[in-house]
Structures are given as C-alpha cells and as structure tokens.
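Engineer: My structure is below; once you've seen it, I'll send some questions.
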Number of protein chains: 2
Amino acid sequence: MTLAVLINGSAPQDLSHAIPVNDRGLHYGDGLFETALLADGRIRFLDDHLQRLMTGCRRLGIPAPHREVLLDEIQRVTSSLRSGVLKIIVTRGAGGRGYGIEPTLQPTRIVALYAAPDAVKSEVALRWCETRLGRNARLAGVKHLNRLEQVLAQAEQGAARSDEGLMLDTEGELVGGIASNVFLVRDGALVTPDLRFSGVRGVMRDRVLRAATQAGMIASEEPLWPHDLDAASEVFLTNAIRGVQSAVSLDALQWRAGPVAARLRVALAL
Amino acid sequence: MTLAVLINGSAPQDLSHAIPVNDRGLHYGDGLFETALLADGRIRFLDDHLQRLMTGCRRLGIPAPHREVLLDEIQRVTSSLRSGVLKIIVTRGAGGRGYGIEPTLQPTRIVALYAAPDAVKSEVALRWCETRLGRNARLAGVKHLNRLEQVLAQAEQGAARSDEGLMLDTEGELVGGIASNVFLVRDGALVTPDLRFSGVRGVMRDRVLRAATQAGMIASEEPLWPHDLDAASEVFLTNAIRGVQSAVSLDALQWRAGPVAARLRVALAL
C-alpha cells in the first residue's frame with residue numbers, strides 16, 4: 001500500500017494518473033531506484049542509500065538530484081510516520097522518441113512511502129532460480145530499473161514455497177538472491193560474490209562487509225560458484241529492508257542459523 | 001511529437017499525468033513495445049508487429065491484449081492521419097511493491113502515434129559502440145522494455161557523427177545496430193546474426209529473410225563476429241521505420257550501396 005508520494009516535489013492528485021506517458025523510465029527502464037527502511041521514525045542507512053543513488057546517476061550519466069531536495073522530500077513523505085518502506089526512483093526524464101537523450105531532459109524524481117513489511121523472518125529457505133542473470137560489467141552493481149530477469153525469477157516460485165531464490169549468471173556463477181545479496185562463511189572467513197559482471201551492490205551488503213572487518217573477521221569479495229555453498233558452514237542473505245537473514249535450506253543442503261549472522265545483527269543494531 | 005495517445009482505450013486528459021505511479025513498466029521495465037510505420041494511411045507490416053507483441057507477451061508471461069481491442073485503438077489514434085510512427089507499449093500492469101506478480105494485475109496498454117520521421121537516409125555511416133549487450137537466452141529476441149544498454153550506446157555518440165552504432169555482445173559477437181538489425185552479403189549469400197543470446201528479432205529482419213529466400217537467395221542466421229564485416233561485399237541495416245539502409249562506412253571499412261539491398265527494397269515495396 002502506498003502511503004505518500006511526491007513526484008518532483010508535488011503530491012499527485014491521482015496516483016493512477018501521475019507519470020508522463022513519455023517518461024524514459026517507462027520506455028527503457030532508463031533510471032535508478034532505492035529502497036530503504038523507515039523504522040522508529042528514522043530511515044536506516046539513509047546516507048548510504050543517497051550515496052549509492054548519486055553513484056548510480058553518475059554511472060548512467062543522469063544528472064543527480066540535489067541532496068537537500070531529496071532530503072526535504074523524504075522528510076515530507078515520512079513526517080507523520082514511524083515505520084514503512086521508502087522507495088526513491090530517479091529516471092532520466094520525460095521526452096522524445098528513440099534512445100537518444102535530448103539535452104533539455106529533466107530527470108523525474110519519485111519519492112514514495114509504502115506500508116511497513118510484514119514480520120521479517122530471521123531464518124529463510126532458499127531455492128534455485130532457473131532464470132539467469134546476463135553479464136555486463138557496464139551495469140554491474142547499479143540499482144537500475146532494468147529488472148526483468150528478477151521479475152521472471154520471482155515468477156518461477158510456484159506451489160513449492162521458499163523465502164528467496166538464488167540466482168546464477170549465464171556462466172553459472174553465483175550472484176545472490178533475487179532481491180538480496182548472499183554471504184558464505186568458509187573456514188571462518190566471510191565471502192560474498194564480487195558482482196563484477198552482474199547483481200546489485202546492496203547497502204546492507206556494504207555495511208556487513210565493513211562491520212565484519214571491524215569485528216576482526218576476514219571478509220572478501222570473490223567469484224563464487226554453486227559448489228562453494230557445499231563448503232559453507234553458514235549462509236545468510238542481506239537486504240536493506242530485511243536486514244540479515246540466516247539461510248537454513250537449499251534443496252538437499254541444510255545449515256544452522258549461525259553465529260556470524262547473529263554477531264553482525266548485533267554489530268549493525270538490526 | 002506525440003499526436004495521439006490511448007491508455008487502456010482512453011485518451012488521457014494530461015499526457016504529463018497519465019501513467020500510474022506504481023506501473024511495473026516504470027519500476028522494472030516489465031513489459032514490451034512495438035514501433036511501426038504509418039505511411040499512406042496504412043500501418044506497414046501491422047500483422048507482423050501484433051504477432052511479435054503476442055509472442056513477447058507469452059515469453060514474459062504477460063496476458064496478451066485482445067487483437068481486436070488493439071486494432072480498434074490503433075485505428076482510433078491513426079484515423080485522421082496519413083503518416084507517423086505508431087508505438088505500442090504493453091506492461092504487466094500497475095500494482096504492488098517488489099518483484100512478485102499479484103494475480104489481480106491488469107496489463108497496461110499504451111497506443112501512441114508520433115510524428116513521422118524526418119527523411120530517412122538510404123545510405124548510412126556506422127560506428128562501433130563501446131557499450132556491450134549482455135547475453136541472456138531467456139530474453140533474447142524479445143522487444144522488452146529493459147533498454148539501458150541501448151540508451152548508453154546511443155549516448156556515446158559525441159561530436160563524431162554517424163548514423164547508427166553497431167553493438168557487440170559481452171563476448172565480442174556481432175548483434176546489430178542500436179535500433180536495427182544488420183545483414184551482410186558474403187559470397188553472394190545473405191547472413192545476419194542469429195540473436196540466440198541478445199538483440200531484438202526485428203519485423204523488418206524477418207521480412208528481409210523471407211523476401212531474400214523467395215527471391216532465390218541463400219539467407220541464413222548465424223553467429224557473426226566483427227571480422228565477418230571485412231569479408232562482406234555489402235552491408236545493410238533493417239528497421240521497421242527506416243526500412244533497409246545500405247551501410248557505406250565503418251572506421252576504415254567502406255562499402256558501396258549494393259544490389260542486394262536495392263532488390264530487397266523493391267521486393268518489400270519500401
């Protein structure tokens with residue numbers, strides 16, 4: 001449920017008639033998004049989200065919105081609320097037909113607050129997705145609006161219930177969950193896919209890497225493959241909304257919710 | 001310039017406030033599009049475009065719009081006009097947060113007519129794009145809304161003028177133009193990339209393949225690489241709006257506008 005929306009700073013009169021018909025976000029997925037948690041009246045890791053949004057704008061050549069403007073709009077949609085999910089979308093703007101970027105384009109800014117998620121599980125069952133992620137270093141790590149692969153992967157979930165699907169890229173390399181990053185504990189060290197070809201560099205992923213290092217753990221980003229899961233003593237997912245979730249099963253594999261995830265939750269005050 | 005628009009059959013009062021803020025086309029590029037030429041009061045190859053749209057809906061699991069409904073809406077946006085560019089977008093619809101598809105979703109249908117293109121060149125200068133196309137057989141051939149790679153490739157065009165950029169995939173295989181398919185004449189036979197990993201199966205591409213076969217030429221779809229251009233006696237691009245365009249240059253390579261493109265233009269009444 002959408003609780004509040006601002007589009008370029010204005011509240012639309014009608015949410016079902018709100019976006020320009022020629023917005024490039026709609027036509028090409030030409031833009032970026034952020035999803036952050038509002039809890040106890042504060043946006044968790046807000047600076048990290050804004051920083052990633054600015055980095056993404058630079059990667060795609062979209063003029064970044066002013067930080068103060070965004071902060072003001074975030075404050076307005078969250079002012080009377082204690083909890084929810086904040087979503088920010090920035091597109092390259094409305095105009096033209098064809099891929100070429102007209103110099104007069106003004107980015108479209110959408111700042112929306114959704115209802116808080118249902119209770120978040122601390123332990124999750126995983127499945128493998130059949131849909132693969134294409135590899136393209138040019139877009140790897142960026143939280144852009146081209147998300148058909150994730151949509152198709154999520155839609156595979158049929159009668160067999162799981163909490164999250166793990167995705168491989170087209171070469172069979174492990175990337176992460178459909179909407180999360182994945183970490184493995186191997187010989188006491190923390191590893192996560194390096195995302196050099198695909199995937200999103202999650203805000204929670206970065207926080208976990210830093211917190212682990214600060215706690216004296218060895219933490220690294222590496223190419224990982226499905227067989228690396230066999231050797232893992234502990235597996236967990238990270239996501240800005242859901243925090244750190246311990247994986248307990250994946251087909252025949254089983255893990256116990258482990259001490260590393262527990263320590264990181266404490267360290268990050270999740 | 002947009003001349004006429006229908007969204008789910010209704011003309012929006014305000015084109016800048018027309019699309020639901022939660023449309024999945026905007027959030028994920030979760031949809032498809034078609035671009036067709038209106039010339040002399042008729043949509044060229046309309047059946048082919050509608051057929052590809054239906055095929056794309058099936059590939060993405062989006063309920064396809066009824067053909068009669070689309071035909072009626074196309075007739076309404078084109079009724080008083082003799083020429084223009086018809087664009088159809090079908091998204092999975094408006095609703096929800098997150099990748100999961102709610103069963104109640106109703107697809108969004110946008111049928112729009114834009115002004116006719118400027119005079120189309122029959123001979124074009126090519127350049128190489130640095131931006132590569134990711135490989136993913138799951139989406140290959142489909143004219144979906146995830147088009148960031150094309151946007152970035154088009155944006156590379158700086159001061160150096162060319163008419164179209166050629167794109168390779170991340171493994172270096174030739175795919176086609178940013179918004180066109182590419183054909184080579186080699187030892188008298190016609191070849192075009194097979195698009196098994198990326199690219200869009202153009203309506204004009206299919207028409208050219210059929211017309212060439214009917215004219216007694218050998219025409220095949222194959223994996224092609226940049227060096228195949230060195231051996232080509234003739235190179236041309238195909239696009240539903242621009243028809244068949246002879247390539248005359250690409251860096252140090254030069255070709256003459258050749259007889260095969262000319263014959264195909266006649267055969268297809270372009």
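Order determines the names: the first chain of the structure tokens is A, the second B, and so forth; residues in each chain are numbered 1 upward, and ligands are numbered 1 upward as they are shown.
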Which residues are near Gly61 in chain B? Cut-off 10 Å, only C-alpha atoms, ignore same chain within fewer than 6 positions. Put them as a ChimeraX atom specification.
Structural biologist: /A:152,155 /B:31,55,92
Engineer: Can you tell me, as a ChimeraX atom specification, which residues in range 224-264 of chain A count as helix (DSSP H, G or I) by DSSP?
Structural biologist: /A:227-230,259-264
Engineer: For chain A, list the residues within 7 Å of chain B, counting only C-alpha atoms, and write the list as a list in words.
Structural biologist: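 Close to chain B, chain A has Leu15, Ser16, His17, Ala18, Ile19, Pro20, Val21, Gly25, Leu26, His27, Tyr28, Gly29, Asp30, Tyr99, Gly100, Ile101, Gly134, Arg135, Asn136, Leu145, Asn146, Arg147, Leu148, Gln150, Val151, Gln154, Ala155 and Thr170 of chain A.
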Engineer: Need to verify the contact set: Val208 in chain A, 12 Å, only C-alpha atoms, exclusion of same-chain residues closer than 6 positions in sequence. Can you return it as a ChimeraX atom specification?
Structural biologist: /A:181-184,190-192,201-202,214-215,217-221,236-240,243-245,260-270
Engineer: Where in range 47-223 of chain B does DSSP assign strand (DSSP E or B), given as a ChimeraX atom specification?
Structural biologist: /B:84-91,94,108-114,123-128,133,141,144,164-169,174-177,180-186,189-193,200,219-222
Engineer: Report the distance between CA of Pro226 in chain A and CA of Val175 in chain A in Å, rounded to one decimal place.
Structural biologist: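 Between CA of Pro226 in chain A and CA of Val175 in chain A the gap is 9.6 Å.
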Engineer: Using only C-alpha atoms, can you tell me which of A:Gly93, A:Pro117, A:Gly84, A:Pro65 comes closest to Arg242 in chain A?
Structural biologist: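 Selected residue with least distance to Arg242 in chain A: A:Pro117.
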Engineer: For Leu38 in chain B, work out the shell of residues within 9 Å, counting only C-alpha atoms and skipping chain neighbours fewer than 6 positions away, then give it as a PyMOL selection string.
Structural biologist: chain B and resi 44+78+81-86+113+116+241
Engineer: Next, dump the selected residues to file, keeping only C-alpha atoms, as a JSON list (two decimals), in the first residue's frame.
Structural biologist:
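Listing of out.json after writing:
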```
[["chain", "number", "residue", "atom", "x", "y", "z"],
["B", 44, "ARG", "CA", 3.26, -1.27, -42.60],
["B", 78, "THR", "CA", -4.35, 6.88, -36.68],
["B", 81, "LEU", "CA", -3.60, 10.78, -40.28],
["B", 82, "ARG", "CA", -1.67, 9.50, -43.27],
["B", 83, "SER", "CA", 1.80, 9.18, -41.78],
["B", 84, "GLY", "CA", 3.57, 8.82, -38.44],
["B", 85, "VAL", "CA", 5.17, 6.35, -36.09],
["B", 86, "LEU", "CA", 2.93, 4.05, -34.08],
["B", 113, "LEU", "CA", 1.13, 7.99, -32.56],
["B", 116, "ALA", "CA", 6.57, 10.89, -38.99],
["B", 241, "ILE", "CA", 10.60, 2.59, -39.52]]
```
Engineer: Contacts of range 47-52 of chain A at 8 Å or less, counting only C-alpha atoms, minus same-chain residues fewer than 4 places along, as a ChimeraX atom specification?
Structural biologist: /A:34-36,56,67,203
Engineer: Residues as selected, C-alpha atoms, written as a PDB file, in the first residue's frame, can you do that?
Structural biologist:
```pdb
ATOM      1  CA  GLU A  34      16.499   2.852  -3.877  1.00  0.00           C
ATOM      2  CA  THR A  35      14.510   1.011  -1.252  1.00  0.00           C
ATOM      3  CA  ALA A  36      15.162   1.861   2.396  1.00  0.00           C
ATOM      4  CA  GLY A  56      24.288   5.244  -9.968  1.00  0.00           C
ATOM      5  CA  ARG A  67      20.765  16.006  -1.821  1.00  0.00           C
ATOM      6  CA  VAL A 203      23.640  -1.048   1.020  1.00  0.00           C
TER       7      VAL A 203
END
```
Engineer: Which residues are near Pro223 in chain B? Cut-off 9 Å, only C-alpha atoms, ignore same chain within fewer than 5 positions. Put them as a ChimeraX atom specification.
Structural biologist: /B:173-175,192-196
Engineer: Emit the selected residues as a PDB file, in the first residue's frame, including C-alpha atoms.
Structural biologist:
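Produced file out_17.pdb, reproduced below:
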```
ATOM      1  CA  GLU B 173      29.901 -11.337 -31.042  1.00  0.00           C
ATOM      2  CA  LEU B 174      28.147  -9.027 -33.505  1.00  0.00           C
ATOM      3  CA  VAL B 175      24.496  -8.405 -32.611  1.00  0.00           C
ATOM      4  CA  THR B 192      22.513 -11.954 -40.218  1.00  0.00           C
ATOM      5  CA  PRO B 193      23.348 -12.573 -36.537  1.00  0.00           C
ATOM      6  CA  ASP B 194      21.251 -15.396 -35.119  1.00  0.00           C
ATOM      7  CA  LEU B 195      20.347 -13.470 -31.939  1.00  0.00           C
ATOM      8  CA  ARG B 196      20.407 -16.585 -29.773  1.00  0.00           C
TER       9      ARG B 196
END
```
Engineer: Write out as a PyMOL selection string each polymer residue whose atoms come within 6 Å of Val200 in chain A, counting only C-alpha atoms; drop sequence neighbours fewer than 6 positions from it.
Structural biologist: chain A and resi 141-143
Engineer: Mind pulling up the distance from CA of Gly9 in chain B to CA of Glu73 in chain B?
Structural biologist: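 A separation of 6.3 Å between them.
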Engineer: What separation in Å, quoted to one decimal, exists between CA of Met204 in chain B and CA of Asp251 in chain B?
Structural biologist: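 Here the two named atoms are 25.8 Å from each other.
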